[in-house]
Each structure stands twice: as structure tokens, then as C-alpha cells.
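S.K.: The structure file data_21.cif (mmCIF, N, CA and C atoms) is provided below.
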```cif
data_run
loop_
_atom_site.group_PDB
_atom_site.id
_atom_site.type_symbol
_atom_site.label_atom_id
_atom_site.label_comp_id
_atom_site.auth_asym_id
_atom_site.auth_seq_id
_atom_site.Cartn_x
_atom_site.Cartn_y
_atom_site.Cartn_z
ATOM 1 N N MET A 1 -11.487 13.420 -9.142
ATOM 2 C CA MET A 1 -11.904 12.206 -9.802
ATOM 3 C C MET A 1 -11.700 11.031 -8.858
ATOM 4 N N LEU A 2 -12.594 10.063 -8.929
ATOM 5 C CA LEU A 2 -12.512 8.866 -8.097
ATOM 6 C C LEU A 2 -12.143 7.660 -8.948
ATOM 7 N N TYR A 3 -11.320 6.775 -8.390
ATOM 8 C CA TYR A 3 -10.925 5.545 -9.069
ATOM 9 C C TYR A 3 -10.982 4.411 -8.056
ATOM 10 N N ALA A 4 -11.256 3.203 -8.547
ATOM 11 C CA ALA A 4 -11.247 2.023 -7.678
ATOM 12 C C ALA A 4 -10.572 0.881 -8.430
ATOM 13 N N ILE A 5 -9.552 0.313 -7.807
ATOM 14 C CA ILE A 5 -8.873 -0.863 -8.368
ATOM 15 C C ILE A 5 -8.839 -1.940 -7.299
ATOM 16 N N ASN A 6 -8.532 -3.155 -7.705
ATOM 17 C CA ASN A 6 -8.387 -4.251 -6.775
ATOM 18 C C ASN A 6 -7.157 -4.011 -5.902
ATOM 19 N N ASN A 7 -7.216 -4.437 -4.664
ATOM 20 C CA ASN A 7 -6.127 -4.230 -3.713
ATOM 21 C C ASN A 7 -4.998 -5.250 -3.875
ATOM 22 N N HIS A 8 -5.237 -6.321 -4.628
ATOM 23 C CA HIS A 8 -4.283 -7.426 -4.751
ATOM 24 C C HIS A 8 -3.149 -7.086 -5.717
ATOM 25 N N ASP A 9 -1.933 -7.074 -5.223
ATOM 26 C CA ASP A 9 -0.742 -6.826 -6.040
ATOM 27 C C ASP A 9 -0.363 -8.137 -6.732
ATOM 28 N N PRO A 10 -0.443 -8.207 -8.066
ATOM 29 C CA PRO A 10 -0.158 -9.470 -8.751
ATOM 30 C C PRO A 10 1.306 -9.907 -8.671
ATOM 31 N N PHE A 11 2.191 -9.032 -8.316
ATOM 32 C CA PHE A 11 3.611 -9.378 -8.252
ATOM 33 C C PHE A 11 4.003 -9.975 -6.905
ATOM 34 N N SER A 12 3.460 -9.444 -5.826
ATOM 35 C CA SER A 12 3.794 -9.963 -4.499
ATOM 36 C C SER A 12 2.768 -10.972 -4.002
ATOM 37 N N GLY A 13 1.562 -10.938 -4.578
ATOM 38 C CA GLY A 13 0.488 -11.807 -4.111
ATOM 39 C C GLY A 13 -0.178 -11.293 -2.844
ATOM 40 N N GLN A 14 0.183 -10.102 -2.425
ATOM 41 C CA GLN A 14 -0.357 -9.518 -1.194
ATOM 42 C C GLN A 14 -1.380 -8.436 -1.509
ATOM 43 N N CYS A 15 -2.298 -8.181 -0.579
ATOM 44 C CA CYS A 15 -3.300 -7.120 -0.732
ATOM 45 C C CYS A 15 -2.744 -5.836 -0.122
ATOM 46 N N VAL A 16 -1.973 -5.097 -0.932
ATOM 47 C CA VAL A 16 -1.246 -3.937 -0.414
ATOM 48 C C VAL A 16 -1.390 -2.672 -1.266
ATOM 49 N N LEU A 17 -2.083 -2.745 -2.403
ATOM 50 C CA LEU A 17 -2.124 -1.565 -3.275
ATOM 51 C C LEU A 17 -2.788 -0.372 -2.602
ATOM 52 N N SER A 18 -3.674 -0.615 -1.637
ATOM 53 C CA SER A 18 -4.305 0.491 -0.907
ATOM 54 C C SER A 18 -3.287 1.274 -0.082
ATOM 55 N N ARG A 19 -2.114 0.704 0.143
ATOM 56 C CA ARG A 19 -1.047 1.394 0.879
ATOM 57 C C ARG A 19 0.026 1.943 -0.053
ATOM 58 N N GLY A 20 -0.272 1.940 -1.353
ATOM 59 C CA GLY A 20 0.700 2.400 -2.340
ATOM 60 C C GLY A 20 0.813 3.914 -2.402
ATOM 61 N N ILE A 21 1.747 4.366 -3.189
ATOM 62 C CA ILE A 21 2.004 5.797 -3.363
ATOM 63 C C ILE A 21 1.263 6.272 -4.602
ATOM 64 N N VAL A 22 0.343 7.210 -4.414
ATOM 65 C CA VAL A 22 -0.458 7.755 -5.510
ATOM 66 C C VAL A 22 0.332 8.855 -6.202
ATOM 67 N N GLY A 23 0.292 8.864 -7.527
ATOM 68 C CA GLY A 23 0.993 9.885 -8.300
ATOM 69 C C GLY A 23 0.443 9.924 -9.710
ATOM 70 N N SER A 24 1.299 10.229 -10.663
ATOM 71 C CA SER A 24 0.881 10.250 -12.065
ATOM 72 C C SER A 24 2.080 10.006 -12.964
ATOM 73 N N ARG A 25 1.766 9.531 -14.145
ATOM 74 C CA ARG A 25 2.735 9.400 -15.240
ATOM 75 C C ARG A 25 2.123 10.170 -16.388
ATOM 76 N N GLY A 26 2.669 11.333 -16.695
ATOM 77 C CA GLY A 26 2.034 12.203 -17.684
ATOM 78 C C GLY A 26 0.695 12.642 -17.133
ATOM 79 N N ASP A 27 -0.382 12.418 -17.896
ATOM 80 C CA ASP A 27 -1.720 12.791 -17.419
ATOM 81 C C ASP A 27 -2.460 11.597 -16.813
ATOM 82 N N ALA A 28 -1.798 10.450 -16.659
ATOM 83 C CA ALA A 28 -2.435 9.244 -16.133
ATOM 84 C C ALA A 28 -2.244 9.139 -14.622
ATOM 85 N N PRO A 29 -3.329 9.070 -13.849
ATOM 86 C CA PRO A 29 -3.205 8.863 -12.405
ATOM 87 C C PRO A 29 -2.731 7.436 -12.129
ATOM 88 N N THR A 30 -1.839 7.282 -11.160
ATOM 89 C CA THR A 30 -1.228 5.984 -10.891
ATOM 90 C C THR A 30 -1.125 5.701 -9.398
ATOM 91 N N VAL A 31 -0.842 4.443 -9.084
ATOM 92 C CA VAL A 31 -0.465 4.035 -7.734
ATOM 93 C C VAL A 31 0.713 3.080 -7.881
ATOM 94 N N ALA A 32 1.710 3.262 -7.030
ATOM 95 C CA ALA A 32 2.890 2.393 -7.025
ATOM 96 C C ALA A 32 2.770 1.422 -5.857
ATOM 97 N N SER A 33 2.967 0.147 -6.133
ATOM 98 C CA SER A 33 2.905 -0.867 -5.084
ATOM 99 C C SER A 33 3.967 -0.560 -4.021
ATOM 100 N N PRO A 34 3.606 -0.679 -2.731
ATOM 101 C CA PRO A 34 4.591 -0.396 -1.693
ATOM 102 C C PRO A 34 5.654 -1.485 -1.550
ATOM 103 N N LEU A 35 5.447 -2.656 -2.166
ATOM 104 C CA LEU A 35 6.420 -3.736 -2.002
ATOM 105 C C LEU A 35 7.495 -3.724 -3.076
ATOM 106 N N TYR A 36 7.110 -3.962 -4.327
ATOM 107 C CA TYR A 36 8.119 -4.048 -5.387
ATOM 108 C C TYR A 36 8.111 -2.842 -6.313
ATOM 109 N N LYS A 37 7.256 -1.874 -6.028
ATOM 110 C CA LYS A 37 7.227 -0.566 -6.714
ATOM 111 C C LYS A 37 6.704 -0.585 -8.150
ATOM 112 N N GLN A 38 6.010 -1.658 -8.588
ATOM 113 C CA GLN A 38 5.375 -1.597 -9.902
ATOM 114 C C GLN A 38 4.298 -0.520 -9.854
ATOM 115 N N VAL A 39 4.119 0.175 -10.973
ATOM 116 C CA VAL A 39 3.186 1.292 -11.053
ATOM 117 C C VAL A 39 1.977 0.881 -11.889
ATOM 118 N N PHE A 40 0.779 1.107 -11.355
ATOM 119 C CA PHE A 40 -0.461 0.754 -12.027
ATOM 120 C C PHE A 40 -1.258 2.011 -12.357
ATOM 121 N N GLU A 41 -1.785 2.083 -13.594
ATOM 122 C CA GLU A 41 -2.631 3.198 -13.995
ATOM 123 C C GLU A 41 -4.009 2.995 -13.372
ATOM 124 N N LEU A 42 -4.512 4.007 -12.683
ATOM 125 C CA LEU A 42 -5.781 3.886 -11.973
ATOM 126 C C LEU A 42 -6.987 3.815 -12.899
ATOM 127 N N ARG A 43 -6.919 4.375 -14.103
ATOM 128 C CA ARG A 43 -8.065 4.349 -15.023
ATOM 129 C C ARG A 43 -8.248 2.981 -15.671
ATOM 130 N N THR A 44 -7.160 2.273 -15.935
ATOM 131 C CA THR A 44 -7.231 1.019 -16.693
ATOM 132 C C THR A 44 -6.777 -0.208 -15.914
ATOM 133 N N GLY A 45 -6.019 -0.022 -14.847
ATOM 134 C CA GLY A 45 -5.458 -1.134 -14.092
ATOM 135 C C GLY A 45 -4.175 -1.689 -14.692
ATOM 136 N N ARG A 46 -3.774 -1.181 -15.850
ATOM 137 C CA ARG A 46 -2.577 -1.659 -16.546
ATOM 138 C C ARG A 46 -1.323 -1.299 -15.760
ATOM 139 N N CYS A 47 -0.403 -2.240 -15.698
ATOM 140 C CA CYS A 47 0.879 -1.977 -15.054
ATOM 141 C C CYS A 47 1.746 -1.183 -16.025
ATOM 142 N N VAL A 48 2.141 -0.003 -15.631
ATOM 143 C CA VAL A 48 2.931 0.883 -16.488
ATOM 144 C C VAL A 48 4.345 0.336 -16.668
ATOM 145 N N THR A 49 4.907 -0.236 -15.621
ATOM 146 C CA THR A 49 6.286 -0.702 -15.665
ATOM 147 C C THR A 49 6.421 -2.101 -16.261
ATOM 148 N N GLU A 50 5.340 -2.889 -16.258
ATOM 149 C CA GLU A 50 5.333 -4.228 -16.866
ATOM 150 C C GLU A 50 3.969 -4.446 -17.516
ATOM 151 N N PRO A 51 3.779 -3.953 -18.758
ATOM 152 C CA PRO A 51 2.460 -3.902 -19.406
ATOM 153 C C PRO A 51 1.715 -5.227 -19.553
ATOM 154 N N ALA A 52 2.360 -6.365 -19.399
ATOM 155 C CA ALA A 52 1.648 -7.641 -19.503
ATOM 156 C C ALA A 52 0.769 -7.901 -18.285
ATOM 157 N N ALA A 53 0.989 -7.177 -17.203
ATOM 158 C CA ALA A 53 0.225 -7.371 -15.965
ATOM 159 C C ALA A 53 -0.794 -6.260 -15.781
ATOM 160 N N SER A 54 -1.843 -6.572 -15.037
ATOM 161 C CA SER A 54 -2.853 -5.556 -14.719
ATOM 162 C C SER A 54 -3.626 -5.987 -13.485
ATOM 163 N N VAL A 55 -4.401 -5.070 -12.940
ATOM 164 C CA VAL A 55 -5.314 -5.360 -11.831
ATOM 165 C C VAL A 55 -6.717 -4.946 -12.265
ATOM 166 N N PRO A 56 -7.745 -5.596 -11.720
ATOM 167 C CA PRO A 56 -9.112 -5.211 -12.077
ATOM 168 C C PRO A 56 -9.433 -3.780 -11.641
ATOM 169 N N VAL A 57 -10.229 -3.095 -12.452
ATOM 170 C CA VAL A 57 -10.734 -1.762 -12.109
ATOM 171 C C VAL A 57 -12.240 -1.868 -11.932
ATOM 172 N N TYR A 58 -12.815 -0.954 -11.163
ATOM 173 C CA TYR A 58 -14.237 -0.966 -10.865
ATOM 174 C C TYR A 58 -14.839 0.399 -11.140
ATOM 175 N N GLU A 59 -16.093 0.404 -11.575
ATOM 176 C CA GLU A 59 -16.798 1.667 -11.750
ATOM 177 C C GLU A 59 -17.068 2.241 -10.372
ATOM 178 N N VAL A 60 -16.953 3.550 -10.272
ATOM 179 C CA VAL A 60 -17.138 4.221 -8.988
ATOM 180 C C VAL A 60 -17.865 5.537 -9.222
ATOM 181 N N ARG A 61 -18.710 5.914 -8.249
ATOM 182 C CA ARG A 61 -19.404 7.195 -8.355
ATOM 183 C C ARG A 61 -19.669 7.749 -6.964
ATOM 184 N N ARG A 62 -19.777 9.053 -6.918
ATOM 185 C CA ARG A 62 -20.130 9.744 -5.691
ATOM 186 C C ARG A 62 -21.642 9.677 -5.544
ATOM 187 N N SER A 63 -22.124 9.386 -4.354
ATOM 188 C CA SER A 63 -23.551 9.302 -4.090
ATOM 189 C C SER A 63 -23.833 10.058 -2.799
ATOM 190 N N GLY A 64 -24.266 11.310 -2.935
ATOM 191 C CA GLY A 64 -24.465 12.143 -1.751
ATOM 192 C C GLY A 64 -23.149 12.333 -1.033
ATOM 193 N N ALA A 65 -23.108 11.950 0.234
ATOM 194 C CA ALA A 65 -21.878 12.073 1.024
ATOM 195 C C ALA A 65 -21.023 10.815 0.948
ATOM 196 N N GLY A 66 -21.489 9.801 0.210
ATOM 197 C CA GLY A 66 -20.762 8.535 0.137
ATOM 198 C C GLY A 66 -20.187 8.264 -1.232
ATOM 199 N N VAL A 67 -19.584 7.107 -1.350
ATOM 200 C CA VAL A 67 -18.997 6.636 -2.603
ATOM 201 C C VAL A 67 -19.517 5.221 -2.848
ATOM 202 N N GLU A 68 -19.938 4.940 -4.083
ATOM 203 C CA GLU A 68 -20.409 3.610 -4.450
ATOM 204 C C GLU A 68 -19.438 3.000 -5.451
ATOM 205 N N VAL A 69 -19.076 1.733 -5.198
ATOM 206 C CA VAL A 69 -18.172 1.001 -6.082
ATOM 207 C C VAL A 69 -18.932 -0.203 -6.602
ATOM 208 N N GLN A 70 -18.969 -0.370 -7.924
ATOM 209 C CA GLN A 70 -19.670 -1.490 -8.549
ATOM 210 C C GLN A 70 -18.836 -2.745 -8.423
ATOM 211 N N GLY A 71 -19.424 -3.799 -7.903
ATOM 212 C CA GLY A 71 -18.737 -5.093 -7.816
ATOM 213 C C GLY A 71 -18.648 -5.738 -9.179
ATOM 214 N N ARG A 72 -17.843 -6.747 -9.290
ATOM 215 C CA ARG A 72 -17.686 -7.459 -10.560
ATOM 216 C C ARG A 72 -18.895 -8.337 -10.815
ATOM 217 N N SER A 73 -19.303 -8.434 -12.073
ATOM 218 C CA SER A 73 -20.448 -9.245 -12.433
ATOM 219 C C SER A 73 -20.126 -10.734 -12.465
ATOM 220 N N ASP A 74 -18.846 -11.111 -12.445
ATOM 221 C CA ASP A 74 -18.483 -12.531 -12.502
ATOM 222 C C ASP A 74 -18.343 -13.149 -11.111
ATOM 223 N N GLY A 75 -18.709 -12.392 -10.076
ATOM 224 C CA GLY A 75 -18.651 -12.922 -8.723
ATOM 225 C C GLY A 75 -17.288 -12.823 -8.068
ATOM 226 N N GLY A 76 -16.306 -12.251 -8.775
ATOM 227 C CA GLY A 76 -14.970 -12.106 -8.206
ATOM 228 C C GLY A 76 -14.910 -11.021 -7.160
ATOM 229 N N PRO A 77 -13.761 -10.834 -6.528
ATOM 230 C CA PRO A 77 -13.612 -9.829 -5.462
ATOM 231 C C PRO A 77 -13.786 -8.410 -5.956
#
```
Please express the file's structure as C-alpha cells.

M.R.:
Amino acid sequence: MLYAINNHDPFSGQCVLSRGIVGSRGDAPTVASPLYKQVFELRTGRCVTEPAASVPVYEVRRSGAGVEVQGRSDGGP
């Protein structure tokens, strides 16, 4: 399965989630921020350890040998 979330860590203000540790909580795929270790669910962007926070998620699909990620319709990153 493919997932795409924003790289911006809302806790540190840095673009570091792409360097996070991928894992799971139960059946939910997750990534843990490499800085302060908050864990984000890859399907929803919700922070598992602090539910009031989240990161944007993007639709993603496999296209031949590549991967396509849908940008946000509001013009954001």
C-alpha cells in the first residue's frame, strides 16, 4: 500500500517526516518524527500520541512504473 503525507512536522516546524521511522500501531501504518518522536497515522495524518495535531494526507496511486501524488486543491504544499 502507498501513502503520502506532508513532510512538515507540526511540533518541530521542520520538514523531517520523510526521515521518520515507519511502523504500525495495531493495524494502522505510522511514521514517527525523527525529532520529538510524535507518531502520525499514514492513512489519516492524525497524530497518535497527541490527537489534536495532524498533518495533511494526499491521494496516491501507482501509475505504471511510477507513483502519482495528488496535490492539494487549495494551493497549499

S.K.: For this file, the PyMOL selection byres ((chain A and resi 5) around 6.5) selects which residues, as a list in words?

M.R.: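 For this structure, the PyMOL selection byres ((chain A and resi 5) around 6.5) captures Tyr3, Ala4, Asn6, Asn7, His8, Val55, Pro56, Val57 and Tyr58 of chain A.
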
S.K.: I want to know what sits within 12 Å of Ile21 (chain A), based on only C-alpha atoms, with residues of the same chain fewer than 4 positions away left out; could you give that as a ChimeraX atom specification?

M.R.: /A:16-17,29-42

S.K.: Please evaluate the PyMOL selection byres (((chain A and resi 59 and name CA) around 6) and name CA) against the structure above and give the resulting residues as a PyMOL selection string.

M.R.: chain A and resi 58+60+69-70

S.K.: For a cutoff of 7 Å around the file-coordinate point (-3.3, -8.1, -14.0), which residues qualify once you count all atoms listed in the file? I'd like the result as a list of chain:residue names.

M.R.: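 Residues with an atom close enough to that point: A:Pro10, A:Gly45, A:Arg46, A:Cys47, A:Ala52, A:Ala53, A:Ser54, A:Val55, A:Pro56.
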
S.K.: Between CA of Arg25 (chain A) and CA of Asp9 (chain A), what distance in Å does the model show, to one decimal?

M.R.: 19.0 Å

S.K.: Run DSSP on the backbone and tell me which residues of chain A come out as strand (DSSP E); list them as an MDAnalysis selection string.

M.R.: chainID A and resid 4:5 21:25 28:32 39:41 57:58 60:63 66:69

S.K.: Go through A:Gly71, A:Phe11, A:Val22, A:Asp27 and flag the residue nearest Glu50 (chain A), using only C-alpha atoms for the distances.

M.R.: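 Looking at the shortest contact to Glu50 (chain A), the residue is A:Phe11.
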
S.K.: For atom N of Met1 (chain A) and CA of Ala28 (chain A), determine how far apart the two atoms are, in Å to one decimal place.

M.R.: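 These two atoms are separated by 12.2 Å.
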
S.K.: Which one of A:Gln14, A:Arg19, A:Leu2, A:Gly26 sits closest to Val48 (chain A) if you count only C-alpha atoms?

M.R.: A:Gly26

S.K.: Would you mind reading off the distance between atom C of Ser12 (chain A) and atom C of Thr49 (chain A), one decimal, in Å?

M.R.: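 Answer for the atom C of Ser12 (chain A) to atom C of Thr49 (chain A) separation: 15.6 Å.
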